[in-house]
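Student: What follows is data.txt, made up of compact mmCIF, C-alpha atoms:
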# COMPACT_ATOMS: atom_id res chain seq x y z
CA MET E 1 0.00 0.00 0.00
CA LEU E 2 2.77 2.44 0.90
CA ALA E 3 6.50 2.26 0.17
CA ILE E 4 8.91 4.61 1.94
CA LYS E 5 12.27 4.56 0.16
CA ASN E 6 15.51 6.08 1.43
CA ILE E 7 13.96 9.12 3.12
CA SER E 8 16.43 11.59 4.63
CA LYS E 9 15.76 15.06 6.02
CA ASN E 10 17.99 17.75 7.50
CA PHE E 11 16.98 20.91 9.30
CA GLY E 12 20.09 23.02 8.88
CA ALA E 13 22.93 21.19 10.58
CA THR E 14 20.51 18.84 12.36
CA THR E 15 19.76 15.47 10.76
CA ALA E 16 16.15 14.48 11.50
CA LEU E 17 15.93 11.33 9.36
CA LYS E 18 18.65 9.09 7.95
CA ASN E 19 17.87 6.91 4.93
CA ILE E 20 14.51 5.55 6.16
CA SER E 21 12.89 2.70 4.19
CA LEU E 22 9.64 0.94 5.17
CA ASP E 23 6.77 -0.95 3.52
CA LEU E 24 3.21 -0.91 4.87
CA LYS E 25 0.60 -3.60 4.29
CA GLU E 26 -3.03 -2.84 3.55
CA GLY E 27 -5.48 -3.36 6.42
CA SER E 28 -2.88 -3.28 9.17
CA CYS E 29 -1.88 -0.95 11.97
CA PHE E 30 1.76 0.06 11.75
CA GLY E 31 3.38 1.42 14.91
CA LEU E 32 6.11 4.04 14.74
CA VAL E 33 7.76 4.06 18.15
CA GLY E 34 10.43 6.30 19.59
CA PRO E 35 11.16 8.95 22.20
CA ASN E 36 10.27 12.61 21.71
CA GLY E 37 12.50 14.15 19.06
CA ALA E 38 13.33 10.84 17.38
CA GLY E 39 11.98 11.92 13.97
CA LYS E 40 8.49 10.39 14.05
CA SER E 41 6.53 13.56 13.30
CA THR E 42 8.96 14.59 10.55
CA LEU E 43 8.49 11.27 8.76
CA LEU E 44 4.70 11.50 8.98
CA LYS E 45 4.69 15.05 7.60
CA ILE E 46 6.81 13.86 4.67
CA ILE E 47 4.35 11.03 3.94
CA VAL E 48 1.41 13.44 3.98
CA GLY E 49 3.24 16.04 1.90
CA ILE E 50 3.50 18.82 4.48
CA ILE E 51 7.29 18.61 4.19
CA ALA E 52 8.29 18.41 0.53
CA ASP E 53 11.99 19.27 0.77
CA HIS E 54 13.57 15.89 1.47
CA LYS E 55 15.59 13.13 -0.12
CA GLY E 56 14.02 9.81 -1.07
CA VAL E 57 10.66 8.71 -2.43
CA ILE E 58 7.16 8.02 -1.05
CA GLU E 59 5.18 5.66 -3.30
CA PHE E 60 1.43 5.14 -2.96
CA GLU E 61 -0.17 2.12 -4.58
CA GLY E 62 -3.66 1.02 -5.55
CA LYS E 63 -6.35 3.09 -3.86
CA LEU E 64 -3.74 5.53 -2.59
CA SER E 65 -2.86 6.89 -6.01
CA SER E 66 -4.46 10.14 -4.81
CA LYS E 67 -3.81 11.90 -1.51
CA GLN E 68 -7.59 12.35 -1.32
CA ASN E 69 -7.51 8.89 0.25
CA ILE E 70 -5.27 9.90 3.16
CA GLY E 71 -6.43 11.16 6.55
CA TYR E 72 -3.92 12.97 8.77
CA VAL E 73 -4.30 13.46 12.54
CA PRO E 74 -1.58 15.89 13.69
CA GLN E 75 -0.16 15.86 17.19
CA GLU E 76 -1.38 19.42 17.70
CA ILE E 77 -5.17 19.76 17.93
CA SER E 78 -6.26 21.53 14.72
CA LEU E 79 -9.75 22.73 15.58
CA GLU E 80 -11.58 26.06 15.67
CA GLU E 81 -12.71 26.22 19.29
CA ASN E 82 -15.26 29.05 18.93
CA VAL E 83 -17.58 27.07 16.65
CA SER E 84 -19.36 23.73 17.06
CA ALA E 85 -18.08 20.22 16.44
CA LEU E 86 -20.41 19.97 13.43
CA GLN E 87 -19.05 23.18 11.90
CA ASN E 88 -15.49 21.88 12.29
CA LEU E 89 -16.41 18.70 10.43
CA TYR E 90 -18.16 20.71 7.70
CA PHE E 91 -15.04 22.81 7.22
CA PHE E 92 -12.73 19.82 6.76
CA GLY E 93 -15.30 18.03 4.60
CA GLU E 94 -15.52 21.02 2.29
CA LEU E 95 -11.73 21.00 1.92
CA TYR E 96 -12.15 17.53 0.39
CA GLY E 97 -14.89 18.75 -1.92
CA LEU E 98 -17.93 17.43 -0.03
CA LYS E 99 -21.11 19.50 -0.43
CA GLY E 100 -24.79 19.60 0.43
CA LYS E 101 -26.50 16.43 1.56
CA VAL E 102 -23.36 14.33 1.08
CA LEU E 103 -21.45 16.60 3.47
CA GLN E 104 -24.24 16.54 6.08
CA THR E 105 -24.60 12.76 5.92
CA ARG E 106 -20.86 12.17 6.24
CA ALA E 107 -20.58 14.57 9.19
CA ASP E 108 -23.38 12.71 11.01
CA GLU E 109 -21.65 9.39 10.32
CA VAL E 110 -18.35 10.68 11.71
CA LEU E 111 -20.03 12.17 14.81
CA SER E 112 -21.51 8.76 15.57
CA TYR E 113 -18.16 7.09 14.92
CA ILE E 114 -16.31 9.34 17.38
CA GLY E 115 -19.13 9.32 19.95
CA LEU E 116 -20.00 13.03 19.85
CA THR E 117 -23.47 13.07 18.30
CA GLU E 118 -25.05 14.48 21.44
CA ARG E 119 -22.52 17.34 21.52
CA LYS E 120 -22.44 18.19 17.82
CA LYS E 121 -23.88 21.71 18.26
CA ASP E 122 -21.70 22.63 21.26
CA LYS E 123 -18.68 24.87 20.85
CA VAL E 124 -15.39 22.99 20.93
CA LYS E 125 -14.02 25.23 23.70
CA THR E 126 -16.47 23.51 26.08
CA PHE E 127 -15.06 20.06 25.29
CA SER E 128 -12.68 18.02 27.44
CA GLY E 129 -9.22 17.16 26.15
CA GLY E 130 -10.34 13.67 25.20
CA MET E 131 -13.35 14.95 23.26
CA LYS E 132 -11.14 17.37 21.33
CA ARG E 133 -8.80 14.52 20.44
CA ARG E 134 -11.71 12.44 19.15
CA LEU E 135 -13.01 15.35 17.08
CA ASN E 136 -9.48 15.92 15.76
CA ILE E 137 -9.56 12.32 14.50
CA GLY E 138 -13.06 12.81 13.13
CA CYS E 139 -11.92 15.70 10.94
CA ALA E 140 -9.35 13.37 9.35
CA LEU E 141 -12.06 10.80 8.58
CA MET E 142 -14.41 13.08 6.63
CA ASN E 143 -13.00 11.93 3.26
CA GLU E 144 -13.35 8.22 4.18
CA PRO E 145 -9.57 7.66 3.82
CA GLN E 146 -7.96 4.30 3.16
CA LEU E 147 -4.78 5.37 4.98
CA ILE E 148 -5.06 7.14 8.35
CA ILE E 149 -1.89 8.69 9.79
CA MET E 150 -2.01 9.44 13.52
CA ASP E 151 0.68 11.41 15.32
CA GLU E 152 0.46 10.93 19.11
CA PRO E 153 -3.38 10.99 19.12
CA THR E 154 -3.74 10.16 22.83
CA VAL E 155 -1.34 12.69 24.37
CA GLY E 156 -2.66 14.25 27.57
CA ILE E 157 -6.07 12.59 27.75
CA ASP E 158 -7.91 10.50 30.33
CA PRO E 159 -7.87 6.66 30.28
CA GLN E 160 -11.51 6.42 29.17
CA SER E 161 -10.92 8.61 26.10
CA ARG E 162 -7.71 6.72 25.34
CA ASN E 163 -9.57 3.40 25.36
CA TYR E 164 -12.28 4.85 23.10
CA ILE E 165 -9.67 5.97 20.54
CA LEU E 166 -7.86 2.63 20.60
CA ASP E 167 -11.16 0.81 20.06
CA MET E 168 -11.85 3.13 17.12
CA ILE E 169 -8.54 2.10 15.58
CA LYS E 170 -9.40 -1.58 15.98
CA GLN E 171 -12.66 -0.89 14.14
CA MET E 172 -10.76 0.87 11.33
CA LYS E 173 -8.63 -2.26 10.91
CA GLU E 174 -11.78 -4.37 10.66
CA GLU E 175 -12.89 -2.03 7.86
CA ASN E 176 -9.61 -2.86 6.05
CA ARG E 177 -8.18 0.61 6.53
CA THR E 178 -4.45 1.05 7.04
CA ILE E 179 -3.22 3.03 10.05
CA ILE E 180 0.17 4.50 10.84
CA TYR E 181 0.24 5.05 14.59
CA SER E 182 3.05 7.16 16.03
CA SER E 183 3.49 7.02 19.78
CA HIS E 184 5.88 6.74 22.69
CA TYR E 185 3.26 4.88 24.73
CA ILE E 186 4.44 1.33 24.13
CA GLU E 187 1.42 -0.28 25.83
CA GLU E 188 -0.85 1.28 23.18
CA VAL E 189 1.31 -0.02 20.35
CA GLU E 190 1.31 -3.54 21.83
CA ARG E 191 -2.49 -3.40 22.04
CA ILE E 192 -3.40 -2.27 18.51
CA CYS E 193 -0.43 -2.63 16.14
CA ASP E 194 0.61 -5.54 13.94
CA ASP E 195 4.02 -4.33 12.81
CA VAL E 196 6.29 -1.81 14.49
CA ALA E 197 9.37 0.21 13.64
CA PHE E 198 11.67 1.56 16.36
CA ILE E 199 13.07 4.98 15.47
CA ASP E 200 15.81 6.72 17.44
CA GLN E 201 17.86 9.78 16.46
CA GLY E 202 16.48 9.61 12.93
CA ASN E 203 17.37 5.94 12.35
CA ILE E 204 15.15 2.87 12.06
CA ILE E 205 16.87 0.49 14.46
CA GLU E 206 14.38 -2.40 14.19
CA HIS E 207 11.34 -3.19 12.05
CA ASN E 208 9.21 -6.33 12.13
CA ARG E 209 6.04 -7.86 13.49
CA ILE E 210 5.75 -7.26 17.23
CA GLU E 211 5.95 -10.92 18.20
CA ASN E 212 9.06 -11.39 16.04
CA ILE E 213 10.85 -8.44 17.63
CA VAL E 214 10.08 -9.65 21.14
CA ARG E 215 11.19 -13.19 20.26
CA LYS E 216 14.41 -11.92 18.71
CA HIS E 217 15.55 -9.45 21.37
CA ALA E 218 13.78 -9.94 24.68
CA ALA E 219 15.50 -12.07 27.31
CA PRO E 220 13.75 -13.87 30.19
CA ALA E 221 13.90 -11.99 33.48
CA VAL E 222 12.88 -12.22 37.12
CA PHE E 223 11.71 -9.26 39.20
CA PHE E 224 12.07 -9.16 42.98
CA ALA E 225 11.57 -6.57 45.70
CA CYS E 226 12.22 -6.74 49.45
CA LYS E 227 13.67 -4.72 52.32
CA ASN E 228 17.11 -6.31 51.80
CA LYS E 229 16.99 -6.12 48.01
CA ASP E 230 20.51 -4.67 47.65
CA GLN E 231 21.98 -7.53 49.67
CA LEU E 232 20.03 -10.08 47.66
CA ALA E 233 20.99 -8.47 44.34
CA LYS E 234 24.72 -8.89 45.09
CA LYS E 235 24.27 -12.58 45.90
CA ILE E 236 22.65 -13.48 42.57
CA GLU E 237 24.81 -11.43 40.16
CA SER E 238 26.44 -14.60 38.86
CA PHE E 239 23.10 -15.73 37.38
CA GLY E 240 22.81 -12.85 34.91
CA THR E 241 22.49 -9.09 34.65
CA VAL E 242 20.97 -7.31 37.63
CA LYS E 243 19.39 -3.89 37.07
CA GLN E 244 17.48 -1.71 39.51
CA GLN E 245 13.92 -0.89 38.48
CA ASN E 246 11.32 1.04 40.48
CA ASN E 247 11.39 -0.37 44.02
CA GLY E 248 13.19 -3.60 43.18
CA TYR E 249 15.59 -5.35 40.81
CA ILE E 250 15.31 -7.18 37.50
CA LEU E 251 17.55 -10.19 36.93
CA THR E 252 17.95 -10.93 33.22
CA THR E 253 19.08 -14.51 32.78
CA PRO E 254 19.01 -17.34 30.22
CA ASN E 255 17.89 -19.70 33.04
CA PRO E 256 15.00 -17.92 34.81
CA MET E 257 13.62 -21.00 36.58
CA GLN E 258 17.00 -21.90 38.10
CA ALA E 259 17.47 -18.25 39.08
CA MET E 260 14.10 -18.22 40.84
CA GLU E 261 15.00 -21.37 42.78
CA ARG E 262 18.31 -19.81 43.81
CA LEU E 263 16.62 -16.54 44.84
CA LEU E 264 14.21 -18.44 47.07
CA GLN E 265 17.06 -20.49 48.58
CA ILE E 266 19.16 -17.40 49.35
CA SER E 267 16.13 -15.63 50.80
CA ARG E 268 15.43 -18.54 53.17
CA GLU E 269 19.08 -18.85 54.22
CA ASN E 270 19.31 -15.11 55.03
CA ASN E 271 15.80 -14.66 56.48
CA ILE E 272 14.88 -12.28 53.67
CA ILE E 273 11.15 -11.85 53.08
CA LEU E 274 10.29 -11.22 49.41
CA ASP E 275 7.59 -8.59 49.01
CA HIS E 276 7.37 -9.09 45.25
CA PHE E 277 8.68 -11.98 43.17
CA GLN E 278 7.69 -12.86 39.62
CA LEU E 279 8.79 -14.14 36.22
CA MET E 280 8.76 -11.17 33.82
CA GLN E 281 7.17 -11.42 30.40
CA PRO E 282 9.25 -9.81 27.60
CA ARG E 283 7.91 -6.39 26.58
CA LEU E 284 8.55 -4.09 23.63
CA GLU E 285 9.68 -1.27 25.90
CA ASP E 286 12.40 -3.49 27.36
CA VAL E 287 13.54 -4.33 23.84
CA PHE E 288 13.69 -0.66 22.87
CA PHE E 289 15.72 0.17 25.96
CA SER E 290 18.15 -2.69 25.31
CA LEU E 291 18.67 -1.53 21.70
CA THR E 292 19.04 2.20 22.37
CA GLY E 293 19.81 2.64 26.06
CA SER E 294 17.12 5.33 26.26
CA GLU E 295 13.60 5.49 27.67
CA LEU E 296 10.69 5.96 25.28
CA ARG E 297 9.36 8.86 27.31
CA ALA E 298 12.70 10.66 27.44
What is this structure when it is put down as structure tokens?
Tutor:
Amino acid sequence: MLAIKNISKNFGATTALKNISLDLKEGSCFGLVGPNGAGKSTLLKIIVGIIADHKGVIEFEGKLSSKQNIGYVPQEISLEENVSALQNLYFFGELYGLKGKVLQTRADEVLSYIGLTERKKDKVKTFSGGMKRRLNIGCALMNEPQLIIMDEPTVGIDPQSRNYILDMIKQMKEENRTIIYSSHYIEEVERICDDVAFIDQGNIIEHNRIENIVRKHAAPAVFFACKNKDQLAKKIESFGTVKQQNNGYILTTPNPMQAMERLLQISRENNIILDHFQLMQPRLEDVFFSLTGSELRA
């Protein structure tokens, strides 16, 4: 559906993107993951055409031969707050050439889709942050796009609104739409995306299906927390890599079951009471940290 070939972009002396190449499949949700400033927004603006001065090629195939079939949800909320939700949808619909009854019908469909039918005549300035985010998405859906590009669509909103938006994306996938989802919230990407690309300092450092990335890079680990956790951590260093996390330690080891047995034995021998003790499941965020050494929310 979409081929991104050798995209590079500089802003003066700063390199934002370095030779980026990706392919997107129709009917899937593609996650673009990286910390703030990694180059995610720049790449999305190049795909949409907002940034035209770049090296490399963006190729659209099939139904995407026209940019009329693309919907773009920017990170910044792009709404007129002194008019109603309905008037905002009319404005964006008219930009795509919708008129009359067709425009009215599509706006009503979108309002139902984003759950704002009951508030359609209210001014946007009276809306919560989550409602504005949903309307921001709705404006990008007025042209019934086959490709929807979303740049951090859940920033700064409540959990209920976040869940609503993620469920909307699942529905879009069921409708065979293709979504590019940029985020630094890894739990969202794990929930809705099929494929993911890690981007850091303008480079794609990994790109594959989520389960393949986790299988390739994530190592088994054991988490433990107790009052004497520092003492316990020193005693089990020979079993793997010990790293402090939150109020405890993570032991990364190729033999997690043996390590757990040894942890329990040492705890009994030294009268250490474990407050928290569990086998850790590999996560995408752990993989990103191991590849880059940086946190996604940095």
Student: With distances taken over only C-alpha atoms, which residue among E:Asn163, E:Ile51, E:Lys40, E:Pro74 lies nearest Phe11 (chain E)?
Tutor: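 Looking at the shortest contact to Phe11 (chain E), the residue is E:Ile51.
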Student: For each of E:His54, E:Lys99, E:Arg134, E:Lys125, take the minimum atom-to-atom distance to Leu111 (chain E), counting all atoms listed in the file, then give the residue where this is smallest.
Tutor: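 Smallest separation from Leu111 (chain E) among the options: E:Arg134.
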Student: For region 243-249 of chain E, list every protein, DNA or RNA residue within 9 Å, evaluated using only C-alpha atoms, and leave out those in the same chain fewer than 4 positions away; present the list as a PyMOL selection string.
Tutor: chain E and resi 222-226+229-230+233+276
Student: Of the candidates E:Asn36, E:Gln87, E:Ser41, E:Thr178, which one gets nearest to Gly71 (chain E) if we count all atoms listed in the file?
Tutor: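 Of E:Asn36, E:Gln87, E:Ser41, E:Thr178, the one nearest Gly71 (chain E), counting all atoms listed in the file, is E:Thr178.
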Student: At what distance in Å, to one decimal, does CA of Gly39 (chain E) lie from CA of Cys139 (chain E)?
Tutor: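 For CA of Cys139 (chain E) relative to CA of Gly39 (chain E), the distance reads 24.4 Å.
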Student: From the list E:Ser267, E:Ser78, E:Asn69, E:Asn228, which residue is nearest Leu147 (chain E) when using only C-alpha atoms?
Tutor: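 The answer is E:Asn69, which sits nearest to Leu147 (chain E).
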